[in-house]
Each structure stands twice: as structure tokens, then as C-alpha cells.
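Below is one structure, written out as C-alpha cells; the observations come after it.
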Amino acid sequence: MLTLRVPASFPRSNVHGANAHSHAVRRNHPCEHRIHLAQRLASAAATQGAAATVAPSTEAALNTLRCAASQPGSVRPSEVLQALVSVEKAKLKPDEWLATLTAPGACWRLVYTVPGKDVTAATKKQKGGMGGYFPLAACQKFDASGFENGVFLGPVGHLTFKGGFQMDGRLLHFDVTTMYLGLGPWRLALPLKKEVPLEQMDTKTFKKLPFFVYAYVGPDIIVARGRSGGVALWIRAEAEWLASSGAMQVYK
């Protein structure tokens, strides 16, 4: 839920000065080309002060997730789970995460999900499930109009949910006020409740809202935990995928 494109405004940074560990990861990783491009994006963002340096072990985990996201099924579930746990444990600083999440044209495709109990078991090195690659075309977008998330069936139809959101550090609360049902070229809006700006909600109502706790938000992938405790991996969707999934008609 891909070929990364380097925005024209980003400087073409040289990654040859990276440490030996990073080079070893790139040489042996099955998704070397994608990781190379992702690191160019991260390097460019760092040049503009929008990214923080991460430990080699965390960067290796992020590279594993980049590969899993760009080529679903190419990385074993056990490795994806361990990488997700590693990134959460790193407690990365949320530098410019909101700006990255809401970047113009950014749509985030859901790739992998793991239930909270299995993440807890993995963290404690106990036996449990490993989650799996998400089987449907699912995508979300954050912009000035709000948050919209849903599943898409190409030209057949879609089901999405939309509402407002508010982000503070690594925590993002969102509300769902409208459901959209798409069938072919038609799109029907079904109001679910009265929309109230999140900043105007009383504390009790606000605390009941669904939320994401982000472990990483980069120019290529996202890792976040939901209110239920489950952890998910998203990748920034390219135009080709948006068109084939039907999401482009919604996220214009």
C-alpha cells in the first residue's frame, strides 16, 4: 500500500562518503538500487536540515523496510518484523515529519501490518505471529483538506474515510467524519457525524480519537503504530501505482 523520484529542488548529493557499514548494506541488499535512491533523498533532506543522523543498525533496519516496501514479498516476514521493532526502539527524533507526511502530492501506500500482540512478543524475544504484506490496494493522504484513507479496486470502485487531523511531535490524532463510496466514475459522500475541528474538541472527546504514533517518517517510507497497538509500514506511492489502483482519481 516503484521507482523513487528525486524532486528537482533536492540537491544531487553524493553518497560515496557514507561509512563502511552503509556500503556493505548497499552491496549485499537485494534492493540495492532503491536503497541508493532513498539514501540520496535522505541525504538531500539532511542538507536542508530536515533529517537526523541515525545509527548504522537503525539505517540497516530502514533499508530492510525499504526493500520490503518497494518489492512486497521480497523480504521474509520475520525480517520485516524485526526491522519494525528495531526502528521503534531507536526512538528517532521527529524532525520535519509533519512536512514530509503532508508534502505536496504525497500519498502513502500501505504495505505491511503486524498486530500489537505480535510486536510485543517480538520485542520480548518471545514466539508470536509475524504479520504480513497487506493484500489490498490501500492508501492514505494528509493535506490541508484533512486526512483520507481507504481501499481501492482499480476502475471498479473504492471505499475511503475522511476527516481532520492534528499532529504533535510523533503523535497524530485524526477524526473520521465522512465515508466515500466510489463505484466506477461515481463517488458518493456519506456524512457520519458533524465535523468539529480537533483543536476545538473537549479533552475527553479528543482522547477517544484514533491516532498514529510515528516511529519514522521519511521521504520514502513510514513506520507507525495505531491505537490498537498494531504497527504498519507504508511507502510513498508513485503515479503508476496510483493510476492502476484507482487512487489517483481520489487523490488528485
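If you're wondering about the labels, chains in the C-alpha cells are A, B, ... by order shown, residues count from 1 in each chain, ligands from 1 in order shown.
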_Contact residues around Glu79 in chain A with only C-alpha atoms at 10 Å, ignoring same-chain residues under 4 positions, as a list of chain:residue names_ = A:Ala61, A:Thr64, A:Leu65, A:Ala68, A:Val75, A:Ala83, A:Leu84, A:Val85, A:Met130
List every residue of range 121-189 of chain A that DSSP, applied to the backbone of this structure, places in strand (DSSP E), and write the result as a short mmCIF file (atom, residue, chain, number, x, y, z; two decimals) with C-alpha atoms, in the first residue's frame.
```cif
data_model
loop_
_atom_site.label_atom_id
_atom_site.label_comp_id
_atom_site.auth_asym_id
_atom_site.auth_seq_id
_atom_site.Cartn_x
_atom_site.Cartn_y
_atom_site.Cartn_z
CA GLY A 132 2.06 -9.97 6.69
CA TYR A 133 2.01 -7.97 3.50
CA ALA A 137 -4.57 -1.63 -2.54
CA ALA A 138 -4.81 0.75 0.41
CA CYS A 139 -3.59 4.32 0.52
CA GLN A 140 -3.78 7.43 2.69
CA LYS A 141 -3.11 11.11 2.23
CA PHE A 142 -2.70 14.11 4.53
CA ASP A 143 -3.11 17.67 3.25
CA GLY A 146 -7.67 16.74 6.04
CA PHE A 147 -6.86 13.05 6.25
CA GLU A 148 -8.27 10.44 3.84
CA ASN A 149 -7.65 6.72 3.98
CA GLY A 150 -9.18 3.84 2.07
CA VAL A 151 -9.03 0.77 -0.12
CA PHE A 152 -9.18 0.85 -3.92
CA GLY A 157 -14.63 1.38 -7.07
CA HIS A 158 -13.26 2.44 -3.69
CA LEU A 159 -14.16 2.99 -0.05
CA THR A 160 -12.48 5.83 1.84
CA PHE A 161 -12.86 7.69 5.12
CA LYS A 162 -12.04 11.35 5.63
CA GLY A 163 -11.77 13.87 8.45
CA PHE A 165 -6.14 15.58 11.87
CA GLN A 166 -3.69 17.18 14.26
CA MET A 167 -0.04 16.25 14.79
CA ASP A 168 2.09 16.96 17.85
CA LEU A 171 1.66 11.63 17.72
CA LEU A 172 -1.07 12.29 15.15
CA HIS A 173 -4.77 12.22 16.11
CA PHE A 174 -7.40 12.06 13.39
CA THR A 178 -17.31 11.30 6.14
CA MET A 179 -17.31 7.99 4.27
CA TYR A 180 -16.98 7.98 0.49
CA LEU A 181 -18.28 5.14 -1.63
CA GLY A 182 -16.99 5.01 -5.19
CA LEU A 183 -18.48 2.90 -7.95
CA TRP A 186 -19.41 7.90 -9.36
CA ARG A 187 -18.44 8.94 -5.84
CA LEU A 188 -20.98 9.27 -3.05
CA ALA A 189 -20.27 11.14 0.20
#
```
*Hey, which of A:Pro56, A:Gly226, A:Leu190, A:Ala232 ends up closest to Gly131 in chain A? Count only C-alpha atoms.*
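Among the listed residues, the smallest separation from Gly131 in chain A belongs to A:Ala232.
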Need the shell around range 237-244 of chain A: protein/DNA/RNA residues with any atom at most 6 Å away, counting only C-alpha atoms. Skip same-chain ones fewer than 4 positions apart. Format as an mmCIF file with all heavy atoms, in the first residue's frame?
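Wrote result-v9.cif, looks like this:
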```cif
data_model
loop_
_atom_site.group_PDB
_atom_site.id
_atom_site.type_symbol
_atom_site.label_atom_id
_atom_site.label_comp_id
_atom_site.auth_asym_id
_atom_site.auth_seq_id
_atom_site.Cartn_x
_atom_site.Cartn_y
_atom_site.Cartn_z
ATOM 1 N N CYS A 107 1.240 10.558 -1.354
ATOM 2 C CA CYS A 107 0.222 9.578 -0.987
ATOM 3 C C CYS A 107 0.972 8.353 -0.477
ATOM 4 O O CYS A 107 1.994 7.964 -1.047
ATOM 5 C CB CYS A 107 -0.633 9.193 -2.193
ATOM 6 S SG CYS A 107 -1.571 10.559 -2.902
ATOM 7 N N TRP A 108 0.464 7.745 0.583
ATOM 8 C CA TRP A 108 1.201 6.681 1.251
ATOM 9 C C TRP A 108 0.464 5.347 1.130
ATOM 10 O O TRP A 108 -0.638 5.182 1.631
ATOM 11 C CB TRP A 108 1.432 7.060 2.705
ATOM 12 C CG TRP A 108 2.167 8.359 2.824
ATOM 13 C CD1 TRP A 108 1.636 9.607 3.010
ATOM 14 C CD2 TRP A 108 3.577 8.549 2.701
ATOM 15 N NE1 TRP A 108 2.619 10.557 3.023
ATOM 16 C CE2 TRP A 108 3.834 9.940 2.841
ATOM 17 C CE3 TRP A 108 4.657 7.683 2.501
ATOM 18 C CZ2 TRP A 108 5.114 10.475 2.781
ATOM 19 C CZ3 TRP A 108 5.937 8.215 2.438
ATOM 20 C CH2 TRP A 108 6.151 9.598 2.580
ATOM 21 N N ARG A 109 1.107 4.422 0.465
ATOM 22 C CA ARG A 109 0.542 3.093 0.192
ATOM 23 C C ARG A 109 0.856 2.130 1.336
ATOM 24 O O ARG A 109 2.007 1.982 1.736
ATOM 25 C CB ARG A 109 1.132 2.565 -1.114
ATOM 26 C CG ARG A 109 0.825 1.125 -1.434
ATOM 27 C CD ARG A 109 1.682 0.685 -2.617
ATOM 28 N NE ARG A 109 1.535 -0.736 -2.893
ATOM 29 C CZ ARG A 109 2.300 -1.411 -3.734
ATOM 30 N NH1 ARG A 109 3.260 -0.776 -4.395
ATOM 31 N NH2 ARG A 109 2.110 -2.705 -3.930
ATOM 32 N N GLY A 154 -9.200 -0.437 -8.316
ATOM 33 C CA GLY A 154 -8.982 -0.009 -9.688
ATOM 34 C C GLY A 154 -10.183 0.763 -10.212
ATOM 35 O O GLY A 154 -10.791 1.566 -9.490
ATOM 36 N N MET A 248 -5.644 7.475 -7.819
ATOM 37 C CA MET A 248 -5.358 8.758 -8.442
ATOM 38 C C MET A 248 -6.627 9.569 -8.681
ATOM 39 O O MET A 248 -6.599 10.804 -8.633
ATOM 40 C CB MET A 248 -4.578 8.563 -9.741
ATOM 41 C CG MET A 248 -4.163 9.867 -10.416
ATOM 42 S SD MET A 248 -3.070 9.612 -11.842
ATOM 43 C CE MET A 248 -1.535 9.135 -11.034
#
```
What are the DSSP alpha helix (DSSP H) residues of range 71-187 of chain A, as a compact mmCIF listing (two decimals) with C-alpha atoms, in the first residue's frame?
```
# COMPACT_ATOMS: atom_id res chain seq x y z
CA PRO A 77 8.02 -11.57 7.39
CA SER A 78 10.32 -12.38 10.31
CA GLU A 79 12.90 -9.92 8.96
CA VAL A 80 10.28 -7.22 8.37
CA LEU A 81 9.01 -7.63 11.94
CA GLN A 82 12.48 -7.39 13.44
CA ALA A 83 13.21 -4.29 11.36
CA LEU A 84 9.99 -2.66 12.54
CA VAL A 85 10.87 -3.43 16.17
CA SER A 86 14.38 -2.03 15.66
CA VAL A 87 13.08 1.23 14.19
CA GLU A 88 10.59 1.67 17.04
CA LYS A 89 13.31 1.06 19.63
CA ALA A 90 15.52 3.70 18.00
CA TRP A 97 7.91 14.67 9.97
CA LEU A 98 4.69 16.61 9.51
CA ALA A 99 6.11 18.46 6.49
CA THR A 100 7.24 15.15 4.97
CA LEU A 101 3.93 13.46 5.66
CA GLY A 116 0.24 -5.29 18.52
CA LYS A 117 0.50 -8.57 20.47
CA ASP A 118 2.98 -9.93 17.93
CA VAL A 119 5.10 -6.77 18.09
CA THR A 120 5.16 -7.09 21.89
CA ALA A 121 6.20 -10.74 21.64
CA ALA A 122 8.99 -9.92 19.19
CA THR A 123 10.21 -7.09 21.43
```
*Of the candidates A:Lys208, A:Gln126, A:Thr102, A:Val231, which shows the shortest atom-to-atom distance to Ala144 in chain A, using only C-alpha atoms?*
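Closest residue, counting only C-alpha atoms: A:Thr102.
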